[in-house]
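Raw contents of coords.cif, mmCIF, C-alpha atoms:
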data_final
#
loop_
_atom_site.label_atom_id
_atom_site.label_comp_id
_atom_site.auth_asym_id
_atom_site.auth_seq_id
_atom_site.Cartn_x
_atom_site.Cartn_y
_atom_site.Cartn_z
CA MET A 820 84.22 125.11 78.42
CA LYS A 821 87.11 124.22 80.70
CA PRO A 822 90.59 125.45 79.68
CA LEU A 823 92.14 122.05 78.96
CA GLU A 824 89.26 120.38 77.16
CA ASP A 825 90.41 118.48 74.06
CA TYR A 826 93.83 117.78 75.62
CA LEU A 827 94.72 114.14 76.20
CA ILE A 828 96.96 113.18 79.15
CA VAL A 829 98.33 109.63 79.37
CA ASP A 830 99.44 109.09 82.93
CA PHE A 831 101.69 106.20 83.99
CA SER A 832 102.22 107.58 87.49
CA GLN A 833 100.98 105.98 90.68
CA PHE A 834 100.60 106.63 94.39
CA LEU A 835 100.55 110.40 95.16
CA SER A 836 102.95 112.80 93.45
CA GLY A 837 102.17 112.17 89.77
CA PRO A 838 98.46 111.42 90.25
CA SER A 839 98.05 114.70 92.15
CA ALA A 840 99.37 116.53 89.07
CA SER A 841 97.07 114.70 86.65
CA LEU A 842 94.14 115.27 89.03
CA ARG A 843 94.61 119.02 88.71
CA LEU A 844 94.87 118.75 84.91
CA ALA A 845 91.67 116.68 84.88
CA ASP A 846 89.95 119.32 87.00
CA LEU A 847 91.01 121.88 84.38
CA GLY A 848 89.25 119.86 81.71
CA ALA A 849 91.89 117.50 80.32
CA ARG A 850 91.05 113.90 79.54
CA VAL A 851 93.30 111.76 81.73
CA ILE A 852 93.86 108.10 80.89
CA LYS A 853 95.53 106.29 83.76
CA ILE A 854 97.80 103.42 82.68
CA GLU A 855 97.73 100.56 85.20
CA LYS A 856 99.12 97.09 85.63
CA PRO A 857 96.51 94.38 85.06
CA GLY A 858 95.44 92.59 88.20
CA THR A 859 96.86 94.99 90.77
CA GLY A 860 96.80 98.45 89.22
CA ASP A 861 98.16 101.53 90.96
CA ILE A 862 99.84 100.54 94.23
CA CYS A 863 97.67 103.16 95.90
CA ARG A 864 94.58 101.02 95.30
CA THR A 865 95.72 98.66 98.06
CA LEU A 866 98.26 100.67 100.05
CA TYR A 867 95.88 101.59 102.84
CA THR A 868 96.85 104.65 104.84
CA SER A 869 94.02 104.22 107.31
CA ASP A 870 91.39 101.64 108.20
CA LEU A 871 88.96 103.22 105.75
CA ILE A 872 88.26 101.09 102.69
CA MET A 873 85.91 102.61 100.11
CA ASN A 874 84.27 100.31 97.58
CA GLY A 875 87.00 97.73 98.17
CA GLU A 876 89.96 100.05 97.71
CA SER A 877 92.02 102.67 99.53
CA SER A 878 90.36 105.98 100.36
CA VAL A 879 93.48 107.77 99.14
CA PHE A 880 93.15 106.22 95.69
CA HIS A 881 89.58 107.49 95.35
CA THR A 882 90.58 110.94 96.53
CA ILE A 883 93.40 111.49 94.07
CA ASN A 884 92.14 109.61 91.02
CA ARG A 885 88.62 110.92 90.57
CA ASN A 886 87.70 112.21 87.12
CA LYS A 887 90.10 109.84 85.32
CA GLU A 888 89.87 106.76 83.09
CA SER A 889 91.71 103.48 83.69
CA PHE A 890 93.47 101.49 80.99
CA ALA A 891 94.94 98.22 82.27
CA ILE A 892 97.69 96.92 79.98
CA ASP A 893 100.86 94.89 80.44
CA PHE A 894 103.13 97.10 78.37
CA LYS A 895 106.17 94.97 79.22
CA GLN A 896 104.82 92.51 76.64
CA PRO A 897 105.93 93.51 73.11
CA GLU A 898 102.50 93.12 71.52
CA GLU A 899 100.87 95.16 74.29
CA LEU A 900 103.57 97.82 74.07
CA HIS A 901 102.82 98.13 70.36
CA LYS A 902 99.16 98.78 71.17
CA LEU A 903 100.06 101.30 73.84
CA LYS A 904 102.26 103.26 71.44
CA LYS A 905 99.22 103.87 69.24
CA LEU A 906 97.63 105.63 72.18
CA LEU A 907 100.80 107.56 73.01
CA ALA A 908 101.05 108.79 69.42
CA LYS A 909 97.82 110.74 69.97
CA ALA A 910 98.55 112.12 73.44
CA ASP A 911 99.32 115.76 74.19
CA VAL A 912 101.04 114.88 77.47
CA ILE A 913 102.68 111.70 78.74
CA MET A 914 103.69 111.61 82.39
CA HIS A 915 105.17 109.16 84.88
CA ASN A 916 106.84 109.00 88.30
CA PHE A 917 109.01 105.91 87.87
CA ARG A 918 112.63 105.96 88.97
CA PRO A 919 115.10 107.20 86.33
CA GLY A 920 115.81 104.49 83.76
CA VAL A 921 112.57 102.53 84.09
CA MET A 922 110.80 104.01 81.06
CA GLU A 923 114.00 103.68 79.04
CA ARG A 924 114.20 99.94 79.80
CA ILE A 925 110.60 99.48 78.76
CA GLY A 926 111.17 101.27 75.47
CA LEU A 927 109.22 104.43 76.31
CA SER A 928 112.00 106.97 76.80
CA TYR A 929 111.43 110.57 75.79
CA GLU A 930 113.32 110.07 72.54
CA GLU A 931 111.40 106.90 71.70
CA VAL A 932 108.03 108.48 72.40
CA LYS A 933 109.08 111.63 70.55
CA SER A 934 109.83 109.52 67.47
CA ILE A 935 106.14 108.60 67.24
CA ASN A 936 104.79 111.88 68.63
CA PRO A 937 107.20 114.71 67.72
CA ASN A 938 105.43 117.48 69.65
CA VAL A 939 104.69 115.48 72.78
CA ILE A 940 105.05 116.93 76.27
CA TYR A 941 106.87 114.28 78.28
CA ALA A 942 106.77 114.96 82.00
CA SER A 943 108.24 113.03 84.92
CA ILE A 944 108.68 113.13 88.68
CA SER A 945 111.56 111.34 90.39
CA GLY A 946 112.54 111.19 94.02
CA PHE A 947 116.08 112.51 93.72
CA GLY A 948 116.68 113.42 90.09
CA GLU A 949 119.18 111.71 87.82
CA HIS A 950 122.53 112.21 89.54
CA PRO A 951 124.16 108.77 89.73
CA ASP A 952 124.77 109.13 93.46
CA LEU A 953 121.10 109.84 94.17
CA LYS A 954 118.84 108.43 91.47
CA ASP A 955 118.32 105.00 93.05
CA LEU A 956 117.26 106.28 96.47
CA PRO A 957 113.58 105.66 97.36
CA GLY A 958 111.41 108.72 96.71
CA GLN A 959 109.16 108.46 99.75
CA ASP A 960 107.70 111.56 101.40
CA LEU A 961 108.89 111.04 104.99
CA LEU A 962 112.39 110.21 103.79
CA LEU A 963 112.47 113.37 101.67
CA GLN A 964 111.26 115.50 104.58
CA SER A 965 114.01 114.01 106.73
CA LEU A 966 116.79 114.44 104.17
CA THR A 967 115.95 118.07 103.35
CA ALA A 968 115.84 119.49 106.91
CA LEU A 969 112.08 120.10 106.84
CA THR A 970 111.65 118.19 110.09
CA TRP A 971 113.63 120.81 112.06
CA LEU A 972 111.10 123.59 111.41
CA SER A 973 107.98 122.19 113.11
CA GLY A 974 107.49 121.36 116.78
CA ASN A 975 109.26 122.93 119.75
CA GLN A 976 112.96 123.21 120.47
CA GLU A 977 113.23 120.05 122.58
CA ASP A 978 110.99 117.90 120.41
CA GLY A 979 113.63 116.61 118.04
CA PRO A 980 112.76 116.39 114.35
CA VAL A 981 109.02 116.66 113.65
CA PRO A 982 107.60 115.70 110.23
CA MET A 983 104.61 117.48 108.75
CA GLY A 984 101.35 115.57 109.10
CA LEU A 985 100.74 115.41 105.35
CA SER A 986 102.62 113.97 102.37
CA ILE A 987 103.69 117.51 101.61
CA VAL A 988 106.67 116.74 99.36
CA ASP A 989 104.52 114.50 97.14
CA MET A 990 101.96 117.28 96.77
CA LEU A 991 104.58 119.95 96.08
CA ALA A 992 106.26 117.87 93.40
CA GLY A 993 102.87 117.21 91.81
CA ALA A 994 102.06 120.92 91.82
CA HIS A 995 105.42 121.74 90.22
CA LEU A 996 104.90 119.11 87.53
CA ALA A 997 101.45 120.50 86.74
CA GLN A 998 102.94 124.01 86.49
CA GLY A 999 105.59 122.79 84.06
CA ILE A 1000 103.03 120.94 81.96
CA LEU A 1001 100.76 123.99 81.76
CA ALA A 1002 103.68 126.18 80.65
CA ALA A 1003 104.64 123.60 78.02
CA LEU A 1004 101.04 123.33 76.78
CA TYR A 1005 101.01 127.11 76.27
CA ARG A 1006 104.23 126.95 74.25
CA LYS A 1007 102.86 124.02 72.26
CA ALA A 1008 99.71 125.96 71.46
CA THR A 1009 101.64 129.07 70.38
CA HIS A 1010 104.74 127.55 68.75
CA ASN A 1011 103.83 123.88 68.14
CA ILE A 1012 106.84 122.69 70.14
CA GLY A 1013 106.85 119.82 72.62
CA ALA A 1014 108.93 119.59 75.78
CA GLN A 1015 110.56 117.29 78.30
CA ILE A 1016 109.75 118.29 81.87
CA LYS A 1017 111.51 116.89 84.92
CA VAL A 1018 110.71 117.48 88.58
CA SER A 1019 112.31 115.85 91.60
CA MET A 1020 110.80 115.60 95.04
CA LEU A 1021 114.20 116.57 96.43
CA GLU A 1022 114.25 119.90 94.60
CA SER A 1023 110.60 120.54 95.38
CA ALA A 1024 111.36 120.14 99.10
CA PHE A 1025 114.26 122.58 98.80
CA ASP A 1026 112.15 125.10 96.89
CA PHE A 1027 109.45 124.89 99.58
CA GLN A 1028 112.03 126.23 102.03
CA PHE A 1029 113.23 129.18 99.93
CA GLU A 1030 112.55 131.59 102.79
CA THR A 1031 114.38 129.69 105.51
CA ILE A 1032 117.24 128.54 103.26
CA THR A 1033 117.87 132.11 102.09
CA THR A 1034 117.87 133.27 105.71
CA PHE A 1035 120.37 130.55 106.63
CA PHE A 1036 122.72 131.50 103.79
CA ASN A 1037 122.66 135.18 104.71
CA ASP A 1038 122.64 134.86 108.49
CA GLY A 1039 126.11 133.50 109.05
CA GLY A 1040 125.08 129.88 108.57
CA GLU A 1041 123.25 129.78 111.89
CA LEU A 1042 120.84 126.88 112.22
CA PRO A 1043 117.17 127.80 112.67
CA VAL A 1044 116.21 127.54 116.34
CA ARG A 1045 112.62 126.73 117.26
CA THR A 1046 111.20 128.36 120.35
CA LYS A 1047 111.06 126.25 123.49
CA THR A 1048 107.27 126.42 123.57
CA ASN A 1049 104.48 127.44 121.18
CA ASN A 1050 106.72 127.34 118.12
CA ALA A 1051 105.14 128.01 114.74
CA HIS A 1052 108.03 129.54 112.74
CA ALA A 1053 111.70 129.24 113.56
CA TYR A 1054 112.54 132.68 112.18
CA LEU A 1055 109.70 134.71 113.67
CA GLY A 1056 109.62 136.22 117.13
CA ALA A 1057 106.85 136.31 119.70
CA PRO A 1058 103.90 136.19 119.77
CA TYR A 1059 103.90 133.96 116.66
CA GLY A 1060 102.47 130.61 117.77
CA ILE A 1061 99.50 128.62 119.04
CA TYR A 1062 98.46 128.94 122.69
CA LYS A 1063 96.21 126.88 124.93
CA THR A 1064 93.19 128.66 126.36
CA GLN A 1065 90.71 127.62 129.02
CA ASN A 1066 88.67 125.60 126.51
CA GLY A 1067 90.75 125.32 123.35
CA TYR A 1068 93.54 127.04 121.47
CA LEU A 1069 94.32 130.48 120.06
CA ALA A 1070 96.66 131.28 117.17
CA LEU A 1071 98.56 134.57 117.29
CA ALA A 1072 100.54 135.81 114.30
CA MET A 1073 102.84 138.84 114.18
CA GLY A 1074 101.92 141.63 116.57
CA SER A 1075 103.19 144.34 118.89
CA ILE A 1076 103.93 143.07 122.38
CA PRO A 1077 103.09 146.41 124.09
CA VAL A 1078 99.74 146.48 122.26
CA LEU A 1079 98.99 142.92 123.29
CA ALA A 1080 99.96 143.70 126.88
CA SER A 1081 97.37 146.45 126.94
CA LEU A 1082 94.60 144.57 125.17
CA LEU A 1083 95.05 141.38 127.16
CA LYS A 1084 95.58 143.24 130.44
CA CYS A 1085 98.76 141.24 130.93
CA ASP A 1086 100.98 143.28 133.24
CA ALA A 1087 103.89 140.85 132.96
CA LEU A 1088 104.26 141.75 129.27
CA LEU A 1089 104.86 145.40 130.13
CA ALA A 1090 108.47 144.46 130.89
CA PHE A 1091 108.99 143.95 127.15
CA PRO A 1092 108.53 147.33 125.47
CA GLU A 1093 110.04 145.99 122.25
CA ASN A 1094 109.54 142.68 120.52
CA LYS A 1095 113.12 141.46 120.80
CA PHE A 1096 113.72 138.23 118.85
CA GLY A 1097 116.09 136.98 121.51
CA LEU A 1098 113.40 137.31 124.18
CA ARG A 1099 110.75 135.34 122.36
CA ASP A 1100 110.86 132.37 124.76
CA GLU A 1101 110.26 134.59 127.79
CA ILE A 1102 107.44 136.44 126.03
CA LYS A 1103 105.78 133.23 124.88
CA ASN A 1104 105.92 131.71 128.35
CA ILE A 1105 104.10 134.71 129.79
CA LEU A 1106 101.49 134.64 127.05
CA ALA A 1107 101.01 130.89 127.45
CA ASP A 1108 100.24 131.25 131.14
CA HIS A 1109 98.01 134.30 130.73
CA LEU A 1110 95.88 133.00 127.84
CA GLN A 1111 94.82 129.91 129.80
CA SER A 1112 92.86 132.15 132.16
CA GLN A 1113 89.96 132.66 129.70
CA GLU A 1114 88.18 130.84 126.90
CA THR A 1115 89.19 131.26 123.27
CA GLN A 1116 86.18 133.35 122.29
CA PHE A 1117 86.82 135.75 125.16
CA TRP A 1118 90.23 136.59 123.69
CA LEU A 1119 88.92 136.72 120.12
CA ASP A 1120 86.27 139.25 121.15
CA ILE A 1121 89.06 141.50 122.40
CA LEU A 1122 91.68 140.97 119.73
CA GLU A 1123 89.65 140.82 116.51
CA PRO A 1124 88.04 144.30 116.87
CA ALA A 1125 91.54 145.68 117.48
CA ASP A 1126 92.70 144.17 114.15
CA ILE A 1127 95.12 141.78 115.82
CA TRP A 1128 96.00 138.82 113.61
CA CYS A 1129 94.50 135.91 115.50
CA ALA A 1130 92.24 132.91 115.06
CA GLY A 1131 90.69 130.05 116.93
CA VAL A 1132 92.24 126.65 116.23
CA LEU A 1133 89.70 124.28 114.71
CA ASN A 1134 89.59 120.53 114.28
CA TYR A 1135 87.73 118.93 111.36
CA GLN A 1136 84.46 118.64 113.24
CA GLN A 1137 84.54 122.33 114.18
CA LEU A 1138 85.76 123.42 110.75
CA PHE A 1139 82.95 121.76 108.84
CA GLU A 1140 80.35 123.44 111.08
CA GLU A 1141 81.75 126.90 110.35
CA ASN A 1142 79.81 129.13 107.98
CA GLY A 1143 83.12 130.18 106.49
CA PHE A 1144 83.56 126.62 105.23
CA LYS A 1145 79.94 125.99 104.30
CA VAL A 1146 79.65 129.03 102.02
CA LEU A 1147 82.60 127.81 99.93
CA ASN A 1148 80.78 124.64 98.84
CA PHE A 1149 84.21 123.02 98.88
CA THR A 1150 82.92 119.46 98.81
CA GLN A 1151 81.37 117.57 95.95
CA GLN A 1152 79.62 114.24 95.53
CA VAL A 1153 81.14 111.99 92.88
CA GLU A 1154 79.96 108.67 91.49
CA MET A 1155 81.90 105.68 90.18
CA LEU A 1156 80.80 103.67 87.17
CA ASP A 1157 79.30 100.96 89.41
CA GLY A 1158 77.12 103.53 91.19
CA TYR A 1159 79.25 103.92 94.32
CA ASN A 1160 79.02 107.52 95.61
CA TYR A 1161 81.46 109.33 97.84
CA LYS A 1162 82.02 112.82 99.15
CA THR A 1163 85.34 114.54 98.52
CA THR A 1164 86.89 117.94 97.89
CA ARG A 1165 86.68 119.94 94.69
CA CYS A 1166 89.29 121.85 92.71
CA PRO A 1167 90.14 125.15 94.46
CA ILE A 1168 90.43 127.12 91.19
CA LYS A 1169 87.66 129.41 89.93
CA ILE A 1170 87.63 130.49 86.27
CA ASP A 1171 85.20 133.05 84.83
CA GLY A 1172 83.21 132.93 88.04
CA GLU A 1173 82.81 129.16 87.99
CA TYR A 1174 84.48 126.49 90.08
CA LEU A 1175 85.87 123.46 88.26
CA THR A 1176 83.78 120.52 89.41
CA SER A 1177 83.03 117.09 88.03
CA GLY A 1178 80.77 114.35 89.32
CA LYS A 1179 82.99 111.61 87.90
CA GLY A 1180 84.52 109.38 90.57
CA SER A 1181 87.65 107.24 90.43
CA PRO A 1182 87.84 104.40 87.89
CA LYS A 1183 87.69 100.71 88.54
CA LEU A 1184 90.83 98.98 87.30
CA GLY A 1185 90.66 98.66 83.50
CA GLN A 1186 87.08 99.89 83.29
CA ASP A 1187 87.80 101.98 80.17
CA ASN A 1188 89.82 99.39 78.21
CA GLU A 1189 87.17 98.63 75.64
CA LYS A 1190 86.44 102.28 74.90
CA ILE A 1191 90.13 103.25 74.67
CA ILE A 1192 91.05 100.30 72.44
CA LYS A 1193 88.19 101.10 70.06
CA GLU A 1194 88.97 104.83 69.99
CA PHE A 1195 92.77 104.83 69.78
CA ILE A 1196 94.13 101.39 68.95
CA ASP A 1197 91.76 99.54 66.63
CA CYS A 1198 90.80 102.59 64.63
#

Can you present the structure in this file as structure tokens?
Amino acid sequence: MKPLEDYLIVDFSQFLSGPSASLRLADLGARVIKIEKPGTGDICRTLYTSDLIMNGESSVFHTINRNKESFAIDFKQPEELHKLKKLLAKADVIMHNFRPGVMERIGLSYEEVKSINPNVIYASISGFGEHPDLKDLPGQDLLLQSLTALTWLSGNQEDGPVPMGLSIVDMLAGAHLAQGILAALYRKATHNIGAQIKVSMLESAFDFQFETITTFFNDGGELPVRTKTNNAHAYLGAPYGIYKTQNGYLALAMGSIPVLASLLKCDALLAFPENKFGLRDEIKNILADHLQSQETQFWLDILEPADIWCAGVLNYQQLFEENGFKVLNFTQQVEMLDGYNYKTTRCPIKIDGEYLTSGKGSPKLGQDNEKIIKEFIDC
């Protein structure tokens, strides 16, 4: 039995942040009913992020909405809203990622839903919270990365701002919402009390940087400075970074420069008996030149037995051939109601020795309407 079995989540959210939270709750056993607009559904169904279309819809939609049901209903129509409220009255959790004020205008504010479901957990993600100066700004991942200084931590010193290659703020906000919901579900189970949970992408992006922000506050307000080459962390000295080798790349984490000088037989490093933070550019330049003289595995064979923190740098093709990936069984095959199969990742959580897997793929728009109406509305 999965931990959240018998819990009902009604999810109004779309695109990435909210659906990533409900995906994790579904993996943990909750029943997730996805509320969608008739005709078009979740914007993520058609907002293609690559040229890959799977079963007529975006690959991202299938990735983040597996193991859910779809209920297509135009809840802006009074008679449809009345039907929807019957479903909401039986939900343990209601969640959305609309801008502040949208659910209130529809007639589904926290107070309104609470009036029909007193112990409900009402959870929401916004881009910028509810401050009147911020609430109407668009909550899009790249914009949030840019507005929260995240783009000044990746890349090298002369690169300018560099965004992360994933929708990281969306995923962080979704993880924070799931954490809040789980905490509220525990309190509901022990004290029979509901909750209103609010997460903003803005605050999630700030929280993600707790280490660097704390350093900035307590380091005289000095801006983080990326190294000129091979940067991987603005506040860590050499050798921390990724270096080109004769046939690939090598990642080096924290380590003693004198020890590396000896192991790598790099005489030029002997001029740096201590790992001075202010000398990190000079040290990295020497390492960068020296490490290109041999192949990656040559260096790994020297460094790994000496317990130096290092690794080869893999692309997807190399990663999926590694035994270290294969033994995890991290992929699963899921199937949609129409028989379409696709391969995707599984939940990373293991409970009582078992991984949380499900063969249920993403839903077609409105595919569960008849079942949901019979179970919750016409009963």

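Counting from CA of Ala968 in chain A, the distance to CA of Ala1051 in chain A is 15.8 Å.
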
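Take the PyMOL selection byres ((chain A and resi 1072) around 9) and apply it to this file: it picks Ala1057, Pro1058, Tyr1059, Gly1060, Ile1061, Ala1070, Leu1071, Met1073, Gly1074, Ile1127, Trp1128, Cys1129 and Ala1130 of chain A.
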
Can I get the selection written as a short mmCIF file (atom, residue, chain, number, x, y, z; two decimals), in the frame of the given file, with C-alpha atoms?
data_model
loop_
_atom_site.label_atom_id
_atom_site.label_comp_id
_atom_site.auth_asym_id
_atom_site.auth_seq_id
_atom_site.Cartn_x
_atom_site.Cartn_y
_atom_site.Cartn_z
CA ALA A 1057 106.85 136.31 119.70
CA PRO A 1058 103.90 136.19 119.77
CA TYR A 1059 103.90 133.96 116.66
CA GLY A 1060 102.47 130.61 117.77
CA ILE A 1061 99.50 128.62 119.04
CA ALA A 1070 96.66 131.28 117.17
CA LEU A 1071 98.56 134.57 117.29
CA MET A 1073 102.84 138.84 114.18
CA GLY A 1074 101.92 141.63 116.57
CA ILE A 1127 95.12 141.78 115.82
CA TRP A 1128 96.00 138.82 113.61
CA CYS A 1129 94.50 135.91 115.50
CA ALA A 1130 92.24 132.91 115.06
#

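Here CA of Thr882 in chain A and CA of Thr1164 in chain A stand 8.0 Å from one another.
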
List, as a PyMOL selection string, every residue that the PyMOL selection byres ((chain A and resi 957) around 12) selects in the file provided. chain A and resi 916-919+945-948+953-956+958-963+966+1019-1021

Between CA of Ile852 in chain A and CA of Glu1173 in chain A - distance in Å to one decimal: 24.8 Å

Residue members of the PyMOL selection byres ((chain A and resi 854) around 8) in the file shown, as a PyMOL selection string: chain A and resi 829-832+852-853+855-856+889-892

Show which residues sit within 10 Å of Asn874 in chain A, as a ChimeraX atom specification. Count only C-alpha atoms, and ignore same-chain residues fewer than 5 positions away. /A:881,1155,1157,1159-1161,1183

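Excluding Val1132 in chain A itself and same-chain residues fewer than 4 positions from it, the residues having an atom within 8 Å of it are Gly1067, Tyr1068, Leu1069 and Ala1070 of chain A, counting all atoms listed in the file.
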
Next, write the just-selected residues to a file, as an mmCIF file, in the coordinates of the input, keeping C-alpha atoms as the atom set.
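Full text of result00.cif as output:
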data_model
loop_
_atom_site.group_PDB
_atom_site.id
_atom_site.type_symbol
_atom_site.label_atom_id
_atom_site.label_comp_id
_atom_site.auth_asym_id
_atom_site.auth_seq_id
_atom_site.Cartn_x
_atom_site.Cartn_y
_atom_site.Cartn_z
ATOM 1 C CA GLY A 1067 90.750 125.320 123.350
ATOM 2 C CA TYR A 1068 93.540 127.040 121.470
ATOM 3 C CA LEU A 1069 94.320 130.480 120.060
ATOM 4 C CA ALA A 1070 96.660 131.280 117.170
#
